[in-house]
Amino acid sequence: MIVLTAPTGHIGGQLLQLLLETSTRTDELRVVVRDPATLPESVRSRVDVVAGSHGDPDVVDRAFAGADAVFWLVPPAPGGASLDAAFSGFTAAAAKAFTAHGVGHVVGVSALGRGTAVAGRAGHVTASLAMDDLIAGSGVAYRALANPSFMDNLVWQANSIREDGVFTGTVPADRKAATVATRDIAAAAARLLLDRSWSGAGEVALLGPEDLSPNDMAHIVSEVLGRPVRYECLSLEQARAVQIARGVSDVMATAFVDMMRAKNEGLDDGVPRAEAAASPTTFRAWCEQVLAPAVGA
């Protein structure tokens, strides 16, 4: 039995489809979802559904009964009053349920940064690493998928790219960094959930196939869309104001800014680029297959 949390989210949804499409799969699938109606009927008929929040002790107690492996992803908490509550607090009931039900393996979505000088002051990432420690401390075999920024975050700016030919961020325009496609995160999770020959606690870094600067990305986006697109670097103060304008709480906006500052100071640079960490989807391929349809090119 494999249990998936966040099965309607971007990563969880792709993971669920991968597991459903695996013709040699012998594991049963169970999903935890607040509203089962958000799952297509074709999916609901093929999985066991537990309704509710995976932060609820009663829900995870039901969901993890008989489970061999769990995919763990905490939901966004833009209005949250505390980082600890949003990550470790949300995960506390699950960590107890892993032990109570003898869950053997857990795969979680986390972030790069462990062991870097800025890991302790990186907002969301600091909280995510603490959550990893909580899960690992439960005694399960655990793999944290350690990710840089997602390519897919650019989809949020599809309107700006379409209408103004610009996307924004807080990374200096010429600073090269790793990015990863969420499809590759889902694929890595599927491999770990299906082949549970691993043990202990550790990280699996997913760095994409290349380091690109925002200017490099703007050049690729322009070529793929066939129109000029430029990058505009925002100050951290401007980025915080954007978060607040979107209704994000003061605590979470500050955590976002702290994370982005830490990224500029080397948060994602702690894992050397190596073949084992080079997830396959290039930024160009992602733009052709995901961004261009979103922009309407």
# chains A, B, ... in the order shown; residues from 1 in each chain; ligands from 1

call {"tool": "residues_around", "arguments": {"residues": "region 60-72 of chain A", "least_positions_apart": "4", "cutoff": "6 Å", "atoms": "only C-alpha atoms", "output": "PyMOL selection string"}}
result
chain A and resi 1-5+54+94+97+101+103-108

call {"tool": "residues_around", "arguments": {"residues": "region 134-143 of chain A", "least_positions_apart": "2", "cutoff": "8 Å", "atoms": "only C-alpha atoms", "output": "list in words"}}
result
Ser88, Thr91, Ala92, Ala95, Lys96, Phe98, Thr99, Val103, Gly104, His105, Val106, Val107, Gly108, Ala130, Met131, Asp132, Leu145, Trp198, Ser199, Gly200, Ala201, Gly202, Glu203 and Val204 of chain A

call {"tool": "closest_atom_pairs", "arguments": {"of": "region 146-241 of chain A", "to": "region 9-33 of chain A", "cutoff": "12 Å", "atoms": "only C-alpha atoms", "output": "Markdown table"}}
result
| residue | atom | partner | partner_atom | distance |
| --- | --- | --- | --- | --- |
| A:Phe150 | CA | A:Ile11 | CA | 10.7 |
| A:Asp152 | CA | A:His10 | CA | 9.1 |
| A:Asn153 | CA | A:His10 | CA | 10.7 |
| A:Val155 | CA | A:His10 | CA | 11.8 |
| A:Val180 | CA | A:Ile11 | CA | 11.8 |
| A:Ala181 | CA | A:Ile11 | CA | 9.6 |
| A:Thr182 | CA | A:Ile11 | CA | 5.8 |
| A:Arg183 | CA | A:Gln14 | CA | 6.6 |
| A:Asp184 | CA | A:Ile11 | CA | 9.1 |
| A:Ile185 | CA | A:Ile11 | CA | 7.0 |
| A:Ala186 | CA | A:Leu15 | CA | 4.7 |
| A:Ala187 | CA | A:Leu15 | CA | 6.7 |
| A:Ala188 | CA | A:Leu15 | CA | 9.0 |
| A:Ala189 | CA | A:Leu15 | CA | 7.2 |
| A:Ala190 | CA | A:Leu15 | CA | 6.3 |
| A:Arg191 | CA | A:Leu19 | CA | 9.4 |
| A:Leu192 | CA | A:Leu15 | CA | 11.4 |
| A:Leu193 | CA | A:Leu19 | CA | 9.2 |
| A:Leu194 | CA | A:Arg25 | CA | 7.7 |
| A:Asp195 | CA | A:Arg25 | CA | 10.4 |
| A:Arg196 | CA | A:Asp27 | CA | 11.5 |

call {"tool": "closest_residue", "arguments": {"among": "A:Ala119, A:Met151, A:Ala255, A:Leu212", "to": "Arg175 (chain A)", "atoms": "only C-alpha atoms"}}
result
A:Leu212

call {"tool": "closest_atom_pairs", "arguments": {"of": "region 121-216 of chain A", "to": "region 222-243 of chain A", "cutoff": "10 Å", "atoms": "only C-alpha atoms", "output": "JSON lines"}}
result
{"residue": "A:Ser160", "atom": "CA", "partner": "A:Val229", "partner_atom": "CA", "distance": 9.8}
{"residue": "A:Ile161", "atom": "CA", "partner": "A:Val229", "partner_atom": "CA", "distance": 6.8}
{"residue": "A:Arg162", "atom": "CA", "partner": "A:Val229", "partner_atom": "CA", "distance": 8.9}
{"residue": "A:Asp164", "atom": "CA", "partner": "A:Val229", "partner_atom": "CA", "distance": 8.2}
{"residue": "A:Gly165", "atom": "CA", "partner": "A:Val229", "partner_atom": "CA", "distance": 4.4}
{"residue": "A:Val166", "atom": "CA", "partner": "A:Arg230", "partner_atom": "CA", "distance": 4.9}
{"residue": "A:Phe167", "atom": "CA", "partner": "A:Tyr231", "partner_atom": "CA", "distance": 5.2}
{"residue": "A:Thr168", "atom": "CA", "partner": "A:Glu232", "partner_atom": "CA", "distance": 4.8}
{"residue": "A:Gly169", "atom": "CA", "partner": "A:Cys233", "partner_atom": "CA", "distance": 5.3}
{"residue": "A:Thr170", "atom": "CA", "partner": "A:Leu234", "partner_atom": "CA", "distance": 5.1}
{"residue": "A:Val171", "atom": "CA", "partner": "A:Cys233", "partner_atom": "CA", "distance": 6.5}
{"residue": "A:Pro172", "atom": "CA", "partner": "A:Cys233", "partner_atom": "CA", "distance": 6.3}
{"residue": "A:Ala173", "atom": "CA", "partner": "A:Cys233", "partner_atom": "CA", "distance": 6.5}
{"residue": "A:Ser213", "atom": "CA", "partner": "A:Tyr231", "partner_atom": "CA", "distance": 10.0}
{"residue": "A:Pro214", "atom": "CA", "partner": "A:Tyr231", "partner_atom": "CA", "distance": 6.4}
{"residue": "A:Asn215", "atom": "CA", "partner": "A:Tyr231", "partner_atom": "CA", "distance": 6.3}
{"residue": "A:Asp216", "atom": "CA", "partner": "A:Tyr231", "partner_atom": "CA", "distance": 9.4}

call {"tool": "write_last_selection", "arguments": {"atoms": "all heavy atoms", "output": "short mmCIF file (atom, residue, chain, number, x, y, z; two decimals), in the first residue's frame"}}
result
data_model
loop_
_atom_site.label_atom_id
_atom_site.label_comp_id
_atom_site.auth_asym_id
_atom_site.auth_seq_id
_atom_site.Cartn_x
_atom_site.Cartn_y
_atom_site.Cartn_z
N SER A 160 1.93 38.15 -17.21
CA SER A 160 2.93 39.20 -17.38
C SER A 160 3.81 38.94 -18.59
O SER A 160 4.14 39.85 -19.35
CB SER A 160 3.79 39.32 -16.12
OG SER A 160 4.80 40.26 -16.28
N ILE A 161 4.15 37.68 -18.80
CA ILE A 161 4.96 37.33 -19.97
C ILE A 161 4.17 37.58 -21.25
O ILE A 161 4.68 38.13 -22.23
CB ILE A 161 5.40 35.85 -19.87
CG1 ILE A 161 6.39 35.67 -18.71
CG2 ILE A 161 6.03 35.39 -21.18
CD1 ILE A 161 6.70 34.23 -18.38
N ARG A 162 2.89 37.20 -21.24
CA ARG A 162 2.06 37.38 -22.43
C ARG A 162 1.80 38.85 -22.72
O ARG A 162 1.92 39.30 -23.87
CB ARG A 162 0.72 36.66 -22.23
CG ARG A 162 -0.23 36.79 -23.42
CD ARG A 162 -1.64 36.32 -23.10
NE ARG A 162 -1.64 35.04 -22.42
CZ ARG A 162 -1.97 34.87 -21.15
NH1 ARG A 162 -2.35 35.91 -20.41
NH2 ARG A 162 -1.95 33.67 -20.59
N ASP A 164 3.14 41.78 -21.11
CA ASP A 164 4.19 42.79 -20.97
C ASP A 164 5.57 42.32 -21.42
O ASP A 164 6.51 43.12 -21.47
CB ASP A 164 4.29 43.25 -19.50
CG ASP A 164 2.96 43.78 -18.98
OD1 ASP A 164 2.29 44.52 -19.73
OD2 ASP A 164 2.61 43.45 -17.83
N GLY A 165 5.70 41.03 -21.71
CA GLY A 165 7.00 40.51 -22.11
C GLY A 165 8.04 40.57 -21.02
O GLY A 165 9.22 40.81 -21.29
N VAL A 166 7.62 40.35 -19.75
CA VAL A 166 8.54 40.45 -18.64
C VAL A 166 8.18 39.44 -17.56
O VAL A 166 7.02 39.12 -17.35
CB VAL A 166 8.55 41.89 -18.05
CG1 VAL A 166 7.18 42.25 -17.48
CG2 VAL A 166 9.63 42.05 -17.00
N PHE A 167 9.21 38.89 -16.91
CA PHE A 167 9.00 38.13 -15.68
C PHE A 167 9.97 38.66 -14.64
O PHE A 167 11.01 39.25 -14.97
CB PHE A 167 9.14 36.62 -15.89
CG PHE A 167 10.52 36.14 -16.25
CD1 PHE A 167 11.39 35.66 -15.28
CD2 PHE A 167 10.95 36.13 -17.58
CE1 PHE A 167 12.65 35.20 -15.60
CE2 PHE A 167 12.22 35.68 -17.91
CZ PHE A 167 13.07 35.20 -16.93
N THR A 168 9.64 38.47 -13.39
CA THR A 168 10.41 39.08 -12.31
C THR A 168 10.90 38.03 -11.33
O THR A 168 10.42 36.89 -11.30
CB THR A 168 9.58 40.12 -11.54
OG1 THR A 168 8.46 39.45 -10.92
CG2 THR A 168 9.06 41.21 -12.47
N GLY A 169 11.85 38.42 -10.52
CA GLY A 169 12.38 37.57 -9.46
C GLY A 169 13.34 38.39 -8.61
O GLY A 169 13.52 39.59 -8.84
N THR A 170 13.96 37.74 -7.65
CA THR A 170 14.90 38.43 -6.77
C THR A 170 16.34 37.97 -6.97
O THR A 170 17.24 38.45 -6.28
CB THR A 170 14.51 38.20 -5.29
OG1 THR A 170 14.51 36.80 -5.01
CG2 THR A 170 13.13 38.79 -4.99
N VAL A 171 16.56 37.08 -7.92
CA VAL A 171 17.92 36.61 -8.21
C VAL A 171 18.60 37.61 -9.13
O VAL A 171 17.99 38.06 -10.11
CB VAL A 171 17.86 35.22 -8.90
CG1 VAL A 171 19.27 34.73 -9.25
CG2 VAL A 171 17.14 34.22 -8.02
N PRO A 172 19.85 38.00 -8.85
CA PRO A 172 20.57 38.88 -9.78
C PRO A 172 20.53 38.32 -11.20
O PRO A 172 20.62 37.10 -11.40
CB PRO A 172 21.99 38.90 -9.22
CG PRO A 172 21.81 38.66 -7.75
CD PRO A 172 20.65 37.70 -7.65
N ALA A 173 20.40 39.20 -12.16
CA ALA A 173 20.13 38.78 -13.54
C ALA A 173 21.18 37.85 -14.12
O ALA A 173 20.87 37.03 -14.99
CB ALA A 173 19.98 40.02 -14.43
N SER A 213 21.14 31.47 -15.53
CA SER A 213 20.83 32.75 -14.91
C SER A 213 19.45 33.20 -15.39
O SER A 213 18.94 32.71 -16.41
CB SER A 213 21.87 33.80 -15.30
OG SER A 213 21.72 34.15 -16.68
N PRO A 214 18.82 34.16 -14.69
CA PRO A 214 17.56 34.70 -15.20
C PRO A 214 17.69 35.27 -16.62
O PRO A 214 16.76 35.14 -17.42
CB PRO A 214 17.22 35.79 -14.18
CG PRO A 214 17.82 35.29 -12.91
CD PRO A 214 19.12 34.66 -13.33
N ASN A 215 18.82 35.88 -16.93
CA ASN A 215 19.01 36.37 -18.31
C ASN A 215 19.07 35.22 -19.30
O ASN A 215 18.52 35.31 -20.41
CB ASN A 215 20.29 37.21 -18.40
CG ASN A 215 20.09 38.63 -17.91
OD1 ASN A 215 18.97 39.09 -17.73
ND2 ASN A 215 21.19 39.34 -17.69
N ASP A 216 19.73 34.12 -18.91
CA ASP A 216 19.72 32.92 -19.77
C ASP A 216 18.30 32.43 -19.99
O ASP A 216 17.90 32.08 -21.11
CB ASP A 216 20.53 31.79 -19.12
CG ASP A 216 22.01 32.07 -18.99
OD1 ASP A 216 22.54 32.85 -19.80
OD2 ASP A 216 22.62 31.51 -18.06
#

call {"tool": "select_by_dssp", "arguments": {"residues": "region 13-230 of chain A", "states": "alpha helix (DSSP H)", "output": "NGL selection string"}}
result
:A and (13-21 or 41-44 or 57-63 or 83-84 or 90-100 or 124-136 or 158-164 or 182-194 or 214-225)

call {"tool": "decode", "arguments": {"residues": "region 147-158 of chain A", "atoms": "all heavy atoms", "output": "short mmCIF file (atom, residue, chain, number, x, y, z; two decimals), in the first residue's frame"}}
result
data_model
loop_
_atom_site.label_atom_id
_atom_site.label_comp_id
_atom_site.auth_asym_id
_atom_site.auth_seq_id
_atom_site.Cartn_x
_atom_site.Cartn_y
_atom_site.Cartn_z
N ASN A 147 15.21 20.09 -3.36
CA ASN A 147 15.01 20.80 -4.61
C ASN A 147 15.47 22.26 -4.56
O ASN A 147 15.36 22.91 -3.52
CB ASN A 147 13.51 20.81 -4.96
CG ASN A 147 12.94 19.42 -5.07
OD1 ASN A 147 13.31 18.68 -5.95
ND2 ASN A 147 12.03 19.08 -4.16
N PRO A 148 15.92 22.79 -5.70
CA PRO A 148 16.09 24.22 -5.85
C PRO A 148 14.74 24.84 -6.22
O PRO A 148 13.69 24.20 -6.04
CB PRO A 148 17.09 24.33 -7.01
CG PRO A 148 16.74 23.14 -7.87
CD PRO A 148 16.30 22.06 -6.91
N SER A 149 14.73 26.04 -6.77
CA SER A 149 13.48 26.64 -7.22
C SER A 149 12.90 25.84 -8.39
O SER A 149 13.63 25.21 -9.16
CB SER A 149 13.72 28.09 -7.66
OG SER A 149 14.17 28.87 -6.56
N PHE A 150 11.58 25.87 -8.51
CA PHE A 150 10.88 25.11 -9.55
C PHE A 150 10.79 25.93 -10.84
O PHE A 150 10.41 27.11 -10.81
CB PHE A 150 9.46 24.77 -9.12
CG PHE A 150 9.35 23.93 -7.87
CD1 PHE A 150 8.13 23.84 -7.22
CD2 PHE A 150 10.43 23.25 -7.35
CE1 PHE A 150 8.00 23.08 -6.07
CE2 PHE A 150 10.32 22.48 -6.20
CZ PHE A 150 9.09 22.40 -5.56
N MET A 151 11.05 25.29 -11.97
CA MET A 151 10.76 25.92 -13.26
C MET A 151 9.30 26.33 -13.33
O MET A 151 8.94 27.39 -13.85
CB MET A 151 11.07 24.96 -14.40
CG MET A 151 12.52 24.55 -14.54
SD MET A 151 12.74 23.32 -15.87
CE MET A 151 14.45 22.81 -15.58
N ASP A 152 8.43 25.49 -12.77
CA ASP A 152 6.99 25.68 -12.89
C ASP A 152 6.50 26.95 -12.20
O ASP A 152 5.39 27.41 -12.48
CB ASP A 152 6.26 24.46 -12.33
CG ASP A 152 6.67 23.18 -13.02
OD1 ASP A 152 7.84 22.76 -12.85
OD2 ASP A 152 5.86 22.59 -13.74
N ASN A 153 7.31 27.53 -11.31
CA ASN A 153 6.90 28.79 -10.68
C ASN A 153 6.70 29.89 -11.71
O ASN A 153 5.95 30.84 -11.48
CB ASN A 153 7.95 29.23 -9.66
CG ASN A 153 7.99 28.34 -8.44
OD1 ASN A 153 7.09 27.55 -8.20
ND2 ASN A 153 9.04 28.48 -7.65
N LEU A 154 7.36 29.74 -12.87
CA LEU A 154 7.25 30.78 -13.90
C LEU A 154 5.85 30.83 -14.50
O LEU A 154 5.44 31.87 -15.03
CB LEU A 154 8.29 30.52 -14.99
CG LEU A 154 8.70 31.71 -15.87
CD1 LEU A 154 9.17 32.88 -15.03
CD2 LEU A 154 9.78 31.29 -16.85
N VAL A 155 5.10 29.74 -14.39
CA VAL A 155 3.73 29.74 -14.91
C VAL A 155 2.87 30.79 -14.21
O VAL A 155 1.94 31.34 -14.79
CB VAL A 155 3.11 28.33 -14.78
CG1 VAL A 155 1.63 28.34 -15.13
CG2 VAL A 155 3.84 27.35 -15.68
N TRP A 156 3.20 31.07 -12.93
CA TRP A 156 2.43 32.09 -12.21
C TRP A 156 2.54 33.45 -12.87
O TRP A 156 1.70 34.32 -12.64
CB TRP A 156 2.94 32.20 -10.77
CG TRP A 156 2.84 30.95 -9.97
CD1 TRP A 156 2.13 29.81 -10.27
CD2 TRP A 156 3.48 30.68 -8.72
NE1 TRP A 156 2.29 28.86 -9.30
CE2 TRP A 156 3.12 29.37 -8.33
CE3 TRP A 156 4.33 31.41 -7.91
CZ2 TRP A 156 3.57 28.78 -7.14
CZ3 TRP A 156 4.78 30.83 -6.72
CH2 TRP A 156 4.40 29.52 -6.36
N GLN A 157 3.57 33.63 -13.70
CA GLN A 157 3.77 34.91 -14.36
C GLN A 157 3.40 34.87 -15.85
O GLN A 157 3.84 35.71 -16.64
CB GLN A 157 5.22 35.38 -14.20
CG GLN A 157 5.63 35.53 -12.74
CD GLN A 157 6.92 36.30 -12.58
OE1 GLN A 157 7.06 37.43 -13.05
NE2 GLN A 157 7.88 35.70 -11.90
N ALA A 158 2.59 33.90 -16.21
CA ALA A 158 2.21 33.75 -17.62
C ALA A 158 1.53 35.00 -18.16
O ALA A 158 1.79 35.41 -19.30
CB ALA A 158 1.30 32.53 -17.79
#
